[in-house]
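Enquirer: Contents of entry13.tsv (TSV, C-alpha atoms and all ligand atoms) are given next:
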```tsv
chain	number	residue	atom	x	y	z
A	1	MET	CA	-9.47	27.71	19.86
A	2	ARG	CA	-6.15	28.34	21.60
A	3	VAL	CA	-4.22	25.12	21.02
A	4	LEU	CA	-1.06	23.82	22.68
A	5	VAL	CA	0.85	21.71	20.15
A	6	SER	CA	3.43	19.46	21.81
A	7	GLY	CA	6.21	18.51	19.40
A	8	GLY	CA	5.08	21.38	17.19
A	9	ALA	CA	8.57	21.85	15.70
A	10	GLY	CA	8.62	18.28	14.40
A	11	TYR	CA	7.70	16.98	10.96
A	12	ILE	CA	3.97	16.35	11.41
A	13	GLY	CA	3.65	18.87	14.24
A	14	SER	CA	4.95	21.77	12.13
A	15	HIS	CA	2.61	20.99	9.24
A	16	THR	CA	-0.30	20.76	11.68
A	17	VAL	CA	0.64	24.12	13.25
A	18	LEU	CA	0.29	25.73	9.80
A	19	SER	CA	-3.07	24.04	9.20
A	20	LEU	CA	-4.38	25.12	12.63
A	21	LEU	CA	-3.30	28.73	12.03
A	22	ALA	CA	-4.82	28.70	8.54
A	23	SER	CA	-8.09	27.47	10.08
A	24	GLY	CA	-8.19	30.46	12.47
A	25	HIS	CA	-6.93	28.78	15.62
A	26	ASP	CA	-4.26	30.28	17.88
A	27	VAL	CA	-1.23	28.04	18.45
A	28	VAL	CA	1.40	27.75	21.16
A	29	VAL	CA	4.23	25.26	20.56
A	30	VAL	CA	6.03	23.29	23.24
A	31	ASP	CA	9.04	21.31	22.08
A	32	ASP	CA	12.28	20.13	23.72
A	33	PHE	CA	14.04	20.33	20.32
A	34	SER	CA	15.58	16.88	20.87
A	35	ASN	CA	14.53	15.91	17.34
A	36	ALA	CA	13.78	19.26	15.69
A	37	LYS	CA	15.63	22.49	15.01
A	38	PRO	CA	14.55	25.92	16.35
A	39	SER	CA	14.82	27.32	12.81
A	40	VAL	CA	11.56	25.51	12.00
A	41	ILE	CA	9.64	28.11	14.02
A	42	GLY	CA	10.90	31.01	11.91
A	43	ARG	CA	9.76	29.15	8.79
A	44	LEU	CA	6.30	28.66	10.34
A	45	GLU	CA	6.02	32.36	11.17
A	46	ALA	CA	7.13	33.35	7.66
A	47	LEU	CA	4.67	30.95	6.03
A	48	SER	CA	1.72	31.84	8.29
A	49	GLY	CA	2.45	35.56	8.78
A	50	LYS	CA	1.66	34.98	12.45
A	51	HIS	CA	3.66	34.90	15.68
A	52	VAL	CA	4.14	31.37	17.03
A	53	PRO	CA	4.95	31.40	20.77
A	54	VAL	CA	7.33	28.59	21.71
A	55	HIS	CA	8.23	27.03	25.06
A	56	ALA	CA	11.38	24.87	25.01
A	57	ILE	CA	10.31	22.49	27.76
A	58	ASP	CA	10.91	18.80	28.43
A	59	LEU	CA	7.37	17.61	29.13
A	60	THR	CA	8.63	14.71	31.26
A	61	ASP	CA	9.24	17.45	33.85
A	62	ALA	CA	5.81	17.61	35.49
A	63	GLU	CA	6.57	20.84	37.39
A	64	LYS	CA	7.66	22.74	34.26
A	65	THR	CA	4.64	21.39	32.40
A	66	GLU	CA	2.35	22.54	35.21
A	67	ARG	CA	3.94	26.01	35.19
A	68	LEU	CA	3.30	26.26	31.44
A	69	PHE	CA	-0.41	25.72	32.07
A	70	ASP	CA	-0.28	28.22	34.96
A	71	HIS	CA	1.01	30.95	32.65
A	72	GLU	CA	-1.04	30.23	29.52
A	73	ARG	CA	-4.67	29.35	28.88
A	74	PHE	CA	-5.35	26.51	26.43
A	75	ASP	CA	-8.65	25.28	25.02
A	76	ALA	CA	-7.10	22.12	23.57
A	77	VAL	CA	-3.92	20.08	23.25
A	78	VAL	CA	-2.57	18.30	20.17
A	79	HIS	CA	0.06	15.88	21.46
A	80	PHE	CA	2.84	14.88	19.05
A	81	ALA	CA	5.87	15.02	21.36
A	82	GLY	CA	7.63	11.69	21.73
A	83	PHE	CA	10.53	9.58	20.52
A	84	LYS	CA	9.52	7.77	17.33
A	85	ALA	CA	12.33	5.63	15.88
A	86	VAL	CA	11.28	1.97	15.88
A	87	GLY	CA	14.79	0.52	15.76
A	88	GLU	CA	16.13	2.92	18.39
A	89	SER	CA	13.28	1.98	20.71
A	90	VAL	CA	14.39	-1.67	20.60
A	91	ALA	CA	17.90	-0.64	21.65
A	92	LYS	CA	16.73	1.92	24.26
A	93	PRO	CA	13.37	0.75	25.64
A	94	LEU	CA	13.70	2.53	28.99
A	95	ALA	CA	14.34	5.89	27.33
A	96	TYR	CA	11.25	5.39	25.15
A	97	TYR	CA	8.94	4.32	27.97
A	98	ARG	CA	10.24	7.08	30.25
A	99	ASN	CA	10.01	9.85	27.66
A	100	ASN	CA	6.82	8.95	25.83
A	101	LEU	CA	4.79	7.93	28.88
A	102	ASP	CA	6.01	10.57	31.35
A	103	SER	CA	5.48	13.42	28.88
A	104	THR	CA	1.95	12.21	28.31
A	105	LEU	CA	1.21	11.82	32.02
A	106	SER	CA	2.55	15.33	32.73
A	107	LEU	CA	0.29	16.76	30.06
A	108	LEU	CA	-2.79	14.85	31.22
A	109	GLU	CA	-2.26	15.94	34.83
A	110	ALA	CA	-1.81	19.58	33.85
A	111	MET	CA	-4.91	19.39	31.63
A	112	ARG	CA	-6.91	17.99	34.55
A	113	ARG	CA	-5.76	20.69	36.95
A	114	HIS	CA	-6.56	23.41	34.45
A	115	ASP	CA	-9.78	21.92	33.08
A	116	VAL	CA	-8.53	21.57	29.50
A	117	GLN	CA	-11.01	19.12	28.01
A	118	ARG	CA	-10.05	18.69	24.32
A	119	LEU	CA	-7.20	16.39	23.25
A	120	VAL	CA	-5.96	15.04	19.92
A	121	PHE	CA	-3.25	12.36	20.15
A	122	SER	CA	-0.69	11.34	17.55
A	123	SER	CA	-1.02	7.56	17.50
A	124	SER	CA	0.09	5.12	14.81
A	125	ALA	CA	-1.06	2.18	12.69
A	126	THR	CA	1.69	0.27	14.45
A	127	VAL	CA	-0.79	-0.37	17.28
A	128	TYR	CA	-2.57	-2.91	15.04
A	129	GLY	CA	0.36	-5.28	15.39
A	130	GLU	CA	1.10	-8.24	13.11
A	131	HIS	CA	-2.21	-10.11	13.03
A	132	ALA	CA	-4.87	-7.51	12.27
A	133	PRO	CA	-6.77	-8.18	9.04
A	134	VAL	CA	-6.01	-5.73	6.22
A	135	PRO	CA	-7.45	-3.12	5.69
A	136	TYR	CA	-6.98	-2.15	9.33
A	137	SER	CA	-10.22	-1.16	11.10
A	138	GLU	CA	-10.58	0.77	14.36
A	139	ASP	CA	-12.94	-1.99	15.54
A	140	TYR	CA	-9.96	-4.35	15.86
A	141	GLU	CA	-9.38	-4.71	19.60
A	142	HIS	CA	-6.23	-6.80	20.02
A	143	LEU	CA	-3.84	-3.86	19.94
A	144	SER	CA	-0.16	-4.61	20.37
A	145	SER	CA	3.12	-3.68	18.72
A	146	SER	CA	6.40	-5.50	18.25
A	147	SER	CA	8.52	-2.48	19.22
A	148	PRO	CA	8.77	-0.51	22.48
A	149	TYR	CA	7.95	2.60	20.41
A	150	GLY	CA	4.73	1.01	19.19
A	151	GLN	CA	3.94	-0.29	22.68
A	152	THR	CA	4.14	3.27	24.04
A	153	LYS	CA	1.41	4.20	21.54
A	154	VAL	CA	-0.73	1.25	22.66
A	155	MET	CA	-0.22	2.20	26.31
A	156	ILE	CA	-0.89	5.90	25.78
A	157	GLU	CA	-4.12	5.11	23.92
A	158	ARG	CA	-5.17	3.03	26.95
A	159	ILE	CA	-4.13	5.73	29.45
A	160	MET	CA	-6.09	8.38	27.54
A	161	SER	CA	-9.12	6.10	27.26
A	162	ASP	CA	-9.14	5.45	31.01
A	163	VAL	CA	-8.67	9.14	31.86
A	164	ALA	CA	-11.43	10.15	29.42
A	165	ALA	CA	-13.81	7.60	30.96
A	166	ALA	CA	-13.12	9.06	34.41
A	167	THR	CA	-13.27	12.75	33.47
A	168	GLU	CA	-16.65	14.36	32.83
A	169	GLY	CA	-16.48	16.46	29.69
A	170	LEU	CA	-13.07	15.34	28.42
A	171	ARG	CA	-13.04	14.40	24.72
A	172	VAL	CA	-10.10	12.60	23.10
A	173	ALA	CA	-9.39	11.71	19.46
A	174	LEU	CA	-6.72	9.03	18.87
A	175	LEU	CA	-5.36	9.46	15.35
A	176	ARG	CA	-3.72	6.33	13.93
A	177	TYR	CA	-1.41	7.46	11.14
A	178	PHE	CA	-0.33	5.18	8.37
A	179	ASN	CA	2.81	6.32	6.52
A	180	PRO	CA	3.16	10.12	6.53
A	181	VAL	CA	5.28	11.49	3.65
A	182	GLY	CA	5.54	14.67	1.59
A	183	ALA	CA	6.05	18.31	2.51
A	184	HIS	CA	4.30	21.68	2.51
A	185	PRO	CA	4.01	22.81	-1.16
A	186	SER	CA	6.14	25.89	-0.41
A	187	GLY	CA	9.18	23.64	0.04
A	188	GLN	CA	10.01	25.61	3.21
A	189	ILE	CA	9.20	22.87	5.72
A	190	GLY	CA	9.44	19.11	5.40
A	191	GLU	CA	10.82	15.91	6.90
A	192	ASP	CA	14.34	16.39	8.22
A	193	PRO	CA	15.49	13.17	9.93
A	194	GLN	CA	18.68	13.45	11.93
A	195	GLY	CA	21.37	11.02	10.73
A	196	ILE	CA	20.65	8.17	8.31
A	197	PRO	CA	16.90	8.12	7.50
A	198	ASN	CA	15.07	5.02	8.74
A	199	ASN	CA	12.07	5.70	6.53
A	200	LEU	CA	11.73	5.16	2.80
A	201	MET	CA	10.72	8.58	1.50
A	202	PRO	CA	13.42	10.72	3.15
A	203	PHE	CA	16.04	8.16	2.16
A	204	ILE	CA	14.95	8.28	-1.51
A	205	ALA	CA	14.94	12.11	-1.34
A	206	GLN	CA	18.50	12.12	0.03
A	207	VAL	CA	19.62	9.80	-2.78
A	208	ALA	CA	18.02	12.16	-5.31
A	209	VAL	CA	19.77	15.21	-3.83
A	210	GLY	CA	23.13	13.40	-3.68
A	211	ARG	CA	23.45	12.89	0.07
A	212	ARG	CA	23.15	9.07	-0.20
A	213	GLU	CA	24.71	6.87	-2.85
A	214	ARG	CA	21.77	4.56	-3.53
A	215	LEU	CA	18.56	3.20	-2.04
A	216	THR	CA	18.60	-0.31	-0.63
A	217	VAL	CA	15.24	-1.99	-1.17
A	218	PHE	CA	14.73	-4.19	1.87
A	219	GLY	CA	13.59	-7.36	0.11
A	220	ASP	CA	11.77	-8.05	-3.16
A	221	ASP	CA	10.56	-11.56	-2.35
A	222	TYR	CA	7.37	-10.69	-0.49
A	223	ASP	CA	3.98	-12.02	-1.56
A	224	THR	CA	2.99	-8.73	-3.23
A	225	ALA	CA	2.48	-7.60	-6.83
A	226	ASP	CA	6.12	-6.63	-7.40
A	227	GLY	CA	7.65	-8.47	-4.43
A	228	THR	CA	8.31	-5.33	-2.37
A	229	CYS	CA	6.36	-4.23	0.70
A	230	GLU	CA	3.19	-2.21	0.33
A	231	ARG	CA	2.21	0.65	2.63
A	232	ASP	CA	-0.55	3.28	2.87
A	233	TYR	CA	1.44	6.47	2.23
A	234	LEU	CA	-0.36	9.65	3.26
A	235	HIS	CA	0.56	13.24	2.37
A	236	VAL	CA	1.50	15.18	5.49
A	237	GLU	CA	-0.77	18.03	4.35
A	238	ASP	CA	-3.71	15.63	4.34
A	239	LEU	CA	-2.59	14.36	7.73
A	240	ALA	CA	-2.42	17.90	9.13
A	241	ALA	CA	-5.93	18.58	7.84
A	242	GLY	CA	-7.06	15.41	9.62
A	243	HIS	CA	-5.87	16.86	12.93
A	244	VAL	CA	-7.86	20.05	12.40
A	245	ALA	CA	-10.94	18.03	11.46
A	246	ALA	CA	-10.55	15.84	14.55
A	247	LEU	CA	-10.03	18.85	16.85
A	248	GLU	CA	-13.15	20.55	15.50
A	249	HIS	CA	-15.14	17.33	15.82
A	250	LEU	CA	-14.44	16.84	19.53
A	251	ASP	CA	-17.27	19.08	20.76
A	252	SER	CA	-19.83	16.95	18.96
A	253	MET	CA	-18.30	13.59	19.86
A	254	VAL	CA	-20.72	11.53	21.96
A	255	THR	CA	-18.17	9.07	23.32
A	256	PRO	CA	-15.31	10.33	25.54
A	257	VAL	CA	-12.61	8.78	23.34
A	258	ARG	CA	-12.54	7.57	19.73
A	259	ALA	CA	-9.81	6.23	17.41
A	260	PHE	CA	-9.60	7.25	13.75
A	261	ASN	CA	-7.44	5.80	10.98
A	262	LEU	CA	-5.80	8.51	8.89
A	263	GLY	CA	-4.84	6.84	5.63
A	264	THR	CA	-5.80	6.70	1.98
A	265	GLY	CA	-7.03	3.10	2.00
A	266	THR	CA	-4.56	2.22	-0.77
A	267	GLY	CA	-1.24	0.34	-0.65
A	268	THR	CA	1.80	1.41	-2.69
A	269	SER	CA	4.95	-0.72	-3.07
A	270	VAL	CA	8.50	0.38	-2.42
A	271	LEU	CA	9.40	0.12	-6.10
A	272	ALA	CA	6.26	2.01	-7.13
A	273	MET	CA	7.20	4.82	-4.73
A	274	LEU	CA	10.78	4.86	-6.05
A	275	HIS	CA	9.57	5.11	-9.66
A	276	ALA	CA	7.09	7.85	-8.70
A	277	PHE	CA	9.97	9.79	-7.18
A	278	GLU	CA	11.99	9.29	-10.39
A	279	ARG	CA	9.10	10.92	-12.27
A	280	ALA	CA	9.29	13.91	-9.90
A	281	VAL	CA	13.07	14.20	-10.32
A	282	GLY	CA	13.06	13.47	-14.05
A	283	ARG	CA	15.77	10.82	-13.94
A	284	GLU	CA	16.41	7.29	-12.71
A	285	LEU	CA	17.67	6.85	-9.17
A	286	PRO	CA	20.24	4.20	-8.18
A	287	TYR	CA	19.05	1.31	-6.02
A	288	GLU	CA	19.96	-2.22	-5.08
A	289	VAL	CA	17.90	-5.01	-3.55
A	290	GLY	CA	19.10	-6.11	-0.13
A	291	PRO	CA	17.84	-8.49	2.55
A	292	ARG	CA	14.47	-8.04	4.23
A	293	ARG	CA	14.42	-5.69	7.25
A	294	ALA	CA	13.50	-7.44	10.51
A	295	GLY	CA	9.97	-6.64	11.64
A	296	ASP	CA	8.64	-5.45	8.29
A	297	LEU	CA	5.15	-6.63	7.40
A	298	PRO	CA	4.50	-7.42	3.72
A	299	ALA	CA	1.50	-5.16	3.19
A	300	PHE	CA	-1.05	-3.12	5.12
A	301	TRP	CA	-3.29	-0.13	4.58
A	302	ALA	CA	-6.14	1.69	6.27
A	303	ASP	CA	-9.89	1.38	6.22
A	304	PRO	CA	-10.45	5.17	6.43
A	305	THR	CA	-14.26	4.96	6.46
A	306	ARG	CA	-14.70	6.20	10.03
A	307	ALA	CA	-12.60	9.36	9.46
A	308	ASN	CA	-14.31	9.91	6.11
A	309	THR	CA	-17.83	9.71	7.56
A	310	GLU	CA	-17.43	11.01	11.13
A	311	LEU	CA	-14.73	13.66	10.61
A	312	GLY	CA	-15.71	14.57	7.07
A	313	TRP	CA	-12.01	14.10	6.23
A	314	ARG	CA	-10.57	12.32	3.20
A	315	ALA	CA	-6.98	12.10	1.89
A	316	GLU	CA	-6.88	14.11	-1.32
A	317	LYS	CA	-3.25	14.10	-2.49
A	318	SER	CA	-1.69	11.53	-4.82
A	319	ILE	CA	1.58	9.62	-4.68
A	320	ASP	CA	2.90	11.98	-7.37
A	321	ASP	CA	1.93	14.99	-5.19
A	322	MET	CA	3.81	13.38	-2.28
A	323	CYS	CA	6.93	12.93	-4.38
A	324	ALA	CA	6.81	16.35	-6.07
A	325	ASP	CA	6.37	18.16	-2.74
A	326	THR	CA	9.09	16.11	-1.04
A	327	TRP	CA	11.48	16.80	-3.91
A	328	ARG	CA	10.77	20.55	-3.85
A	329	TRP	CA	11.55	20.61	-0.08
A	330	GLN	CA	14.70	18.50	-0.46
A	331	GLN	CA	16.04	20.52	-3.41
A	332	ALA	CA	15.51	23.79	-1.55
A	333	ASN	CA	17.00	22.36	1.66
A	334	PRO	CA	19.62	19.73	0.70
A	335	GLN	CA	20.93	19.59	4.30
A	336	GLY	CA	17.51	20.04	5.92
A	337	PHE	CA	16.73	22.93	8.24
A	338	PRO	CA	19.58	25.30	9.12
A	339	ASP	CA	21.06	24.85	12.60
A	340	ALA	CA	20.61	28.44	13.72
A	401	LIG	C1	8.36	1.54	4.36
A	401	LIG	C2	8.80	0.43	3.43
A	401	LIG	C3	10.68	-0.85	4.23
A	401	LIG	C4	13.69	2.29	3.96
A	401	LIG	C5	7.52	3.17	9.99
A	401	LIG	C6	7.24	2.88	11.43
A	401	LIG	C7	5.84	3.27	11.76
A	401	LIG	C8	5.59	4.72	11.38
A	401	LIG	C9	5.93	4.96	9.92
A	401	LIG	C10	5.79	6.10	13.33
A	401	LIG	C11	9.16	-0.84	4.19
A	401	LIG	C12	11.01	-0.10	2.94
A	401	LIG	C13	12.49	1.62	3.92
A	401	LIG	C14	14.73	1.93	3.07
A	401	LIG	C15	13.30	0.24	2.12
A	401	LIG	N1	6.35	5.58	12.21
A	401	LIG	N2	12.30	0.61	3.00
A	401	LIG	N3	14.49	0.91	2.17
A	401	LIG	O1	8.33	0.68	8.39
A	401	LIG	O2	6.12	1.06	7.18
A	401	LIG	O3	6.66	2.40	9.19
A	401	LIG	O4	7.29	4.54	9.72
A	401	LIG	O5	4.67	5.96	13.71
A	401	LIG	O6	5.65	3.11	13.15
A	401	LIG	O7	7.34	1.48	11.61
A	401	LIG	O8	7.90	2.83	7.08
A	401	LIG	O9	9.30	4.15	5.58
A	401	LIG	O10	10.44	2.73	7.35
A	401	LIG	O11	9.34	1.64	5.39
A	401	LIG	O12	13.13	-0.69	1.30
A	401	LIG	O13	15.86	2.50	3.08
A	401	LIG	O14	10.00	0.84	2.76
A	401	LIG	O15	11.21	-2.15	4.22
A	401	LIG	O16	8.75	-1.95	3.42
A	401	LIG	P1	7.26	1.60	7.94
A	401	LIG	P2	9.32	2.89	6.38
```
Can you give me the file's structure in the form of structure tokens?
Expert:
Amino acid sequence: MRVLVSGGAGYIGSHTVLSLLASGHDVVVVDDFSNAKPSVIGRLEALSGKHVPVHAIDLTDAEKTERLFDHERFDAVVHFAGFKAVGESVAKPLAYYRNNLDSTLSLLEAMRRHDVQRLVFSSSATVYGEHAPVPYSEDYEHLSSSSPYGQTKVMIERIMSDVAAATEGLRVALLRYFNPVGAHPSGQIGEDPQGIPNNLMPFIAQVAVGRRERLTVFGDDYDTADGTCERDYLHVEDLAAGHVAALEHLDSMVTPVRAFNLGTGTGTSVLAMLHAFERAVGRELPYEVGPRRAGDLPAFWADPTRANTELGWRAEKSIDDMCADTWRWQQANPQGFPDA
């Protein structure tokens, strides 16, 4: 299929572009490069040996989005583009609602006008909110999130569900990610957060490469095995494969829209992840225990049964794979992607 990947220069988007190309699909990337560097595209072309057409467009501009669909034919869309920093979304809710919702609405309108009927959406486990029983199941219906970022995911899932119900032939997969980490085994692409990393894995990697002095563990007094929070960490390569599986499942999907958890079904603590990274690096890494971070839940992980059985997808890579691949990327790119 010829697939438009929005946000295709981003962390998960770039890994998914490689997986789509490796699976024989043609890919066109649209990205506004607000949170990714153009140099990612050259890496993707070098790794895939294929040309990756790119359109630097702000998808909140409905006219430019429409013109993109006028000039190119797409069989499907994989929609990653959006702001994704939880803390930033609390400080800038309007920017998050405007960007994440308007870009989605522009895409959906262009898809309708051009009869593009296959859509995979980058959603998040954050939609389960604070009260869902663990492991999280797609059958849980009381979706909500404590952050404006998470609320945009809840709202977009609802928008896509309503549009799918009203559009004969449209098929939509909503992929609820747990905690994506890791990097392509080549070490040529990986997670490259701008500024101080919010997330655990890139922060640990920057400590290991000498960009940060030490990790602060946000609380060790939770009701968990070692007192630190537990999460379902998922290798980005497994996550990318999940997108290809979902895209190729759409034709056979009987319902117009369906959510799928993409996770391993296993929780790993902060300290366990830190020690796994130390094994990858071959030395101890400095850390201190600090206060809890507001909004953190003690522990959650996925029930991945639906993706396992309906998509034929299963996470294969281990925590040690995640750390080894992250470390290879960070060592080869201490400052992340080059600017030019
Ligand atoms: C994991 C654990 C922290 C940094 C977030 C978003 C979620 C999704 C994935 C987009 C927590 C602890 C972290 C640090 C630490 N993003 N930690 N020191 O919060 O589970 O999920 O990213 O969809 O929406 O909420 O991931 O990596 O930020 O934190 O101790 O310097 O690591 O307290 O327990 P989180 P995270």
Enquirer: Considering all atoms listed in the file, return as a PyMOL selection string whatever protein or nucleic-acid residues lie within 7 Å of range 218-234 of chain A, sequence-local ones (same chain, fewer than 6 positions apart) excluded.
Expert: chain A and resi 178-181+263-271+289-293+298-302
Enquirer: Kindly give the distance, in Å, that separates CA of Arg212 in chain A and CA of Gly336 in chain A, rounded to a single decimal.
Expert: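 Value for the CA of Arg212 in chain A-CA of Gly336 in chain A distance: 13.8 Å.
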Enquirer: Would you please work out which residue, of A:Ala240, A:His15, A:Thr326, A:Tyr149, is nearest to Val90 in chain A when using only C-alpha atoms?
Expert: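 Closest candidate: A:Tyr149.
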Enquirer: Just the number, please: distance in Å from CA of Gly8 in chain A to CA of Asn35 in chain A, one decimal.
Expert: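 Separation between CA of Gly8 in chain A and CA of Asn35 in chain A: 10.9 Å.
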Enquirer: Considering all atoms listed in the file, state which residue in the set A:Ala62, A:Leu47, A:Leu4, A:Ala307 is at the smallest distance from Ala22 in chain A.
Expert: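 For Ala22 in chain A, the nearest of the candidates is A:Leu47.
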Enquirer: Considering all atoms listed in the file, return as a ChimeraX atom specification whatever protein or nucleic-acid residues lie within 10 Å of Thr305 in chain A, sequence-local ones (same chain, fewer than 3 positions apart) excluded.
Expert: /A:137-138,260-265,302,308-314
Enquirer: Can you tell me how far CA of Tyr140 in chain A sits from atom C10 of ligand LIG 401 (chain A), in Å to one decimal?
Expert: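 So the two atoms, CA of Tyr140 in chain A and atom C10 of ligand LIG 401 (chain A), lie 19.1 Å apart.
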Enquirer: Pick out the closest residue to Val116 in chain A from this set: A:Val244, A:Val3, A:Ala95, A:Ala36. Count all atoms listed in the file.
Expert: A:Val3
Enquirer: Around all the atoms of range 318-325 of chain A listed in the file, draw an axis-aligned box and extend it by 3 Å on each of the six sides; I want its centre and edge lengths in Å to one decimal, as AutoDock Vina command-line options.
Expert:
```
--center_x 2.6 --center_y 13.9 --center_z -4.8 --size_x 14.6 --size_y 14.5 --size_z 11.1
```
Enquirer: Using all atoms listed in the file, can you tell me which of A:Ala125, A:Leu170, A:Leu239, A:Val78 comes closest to ligand LIG 401 (chain A)?
Expert: A:Ala125
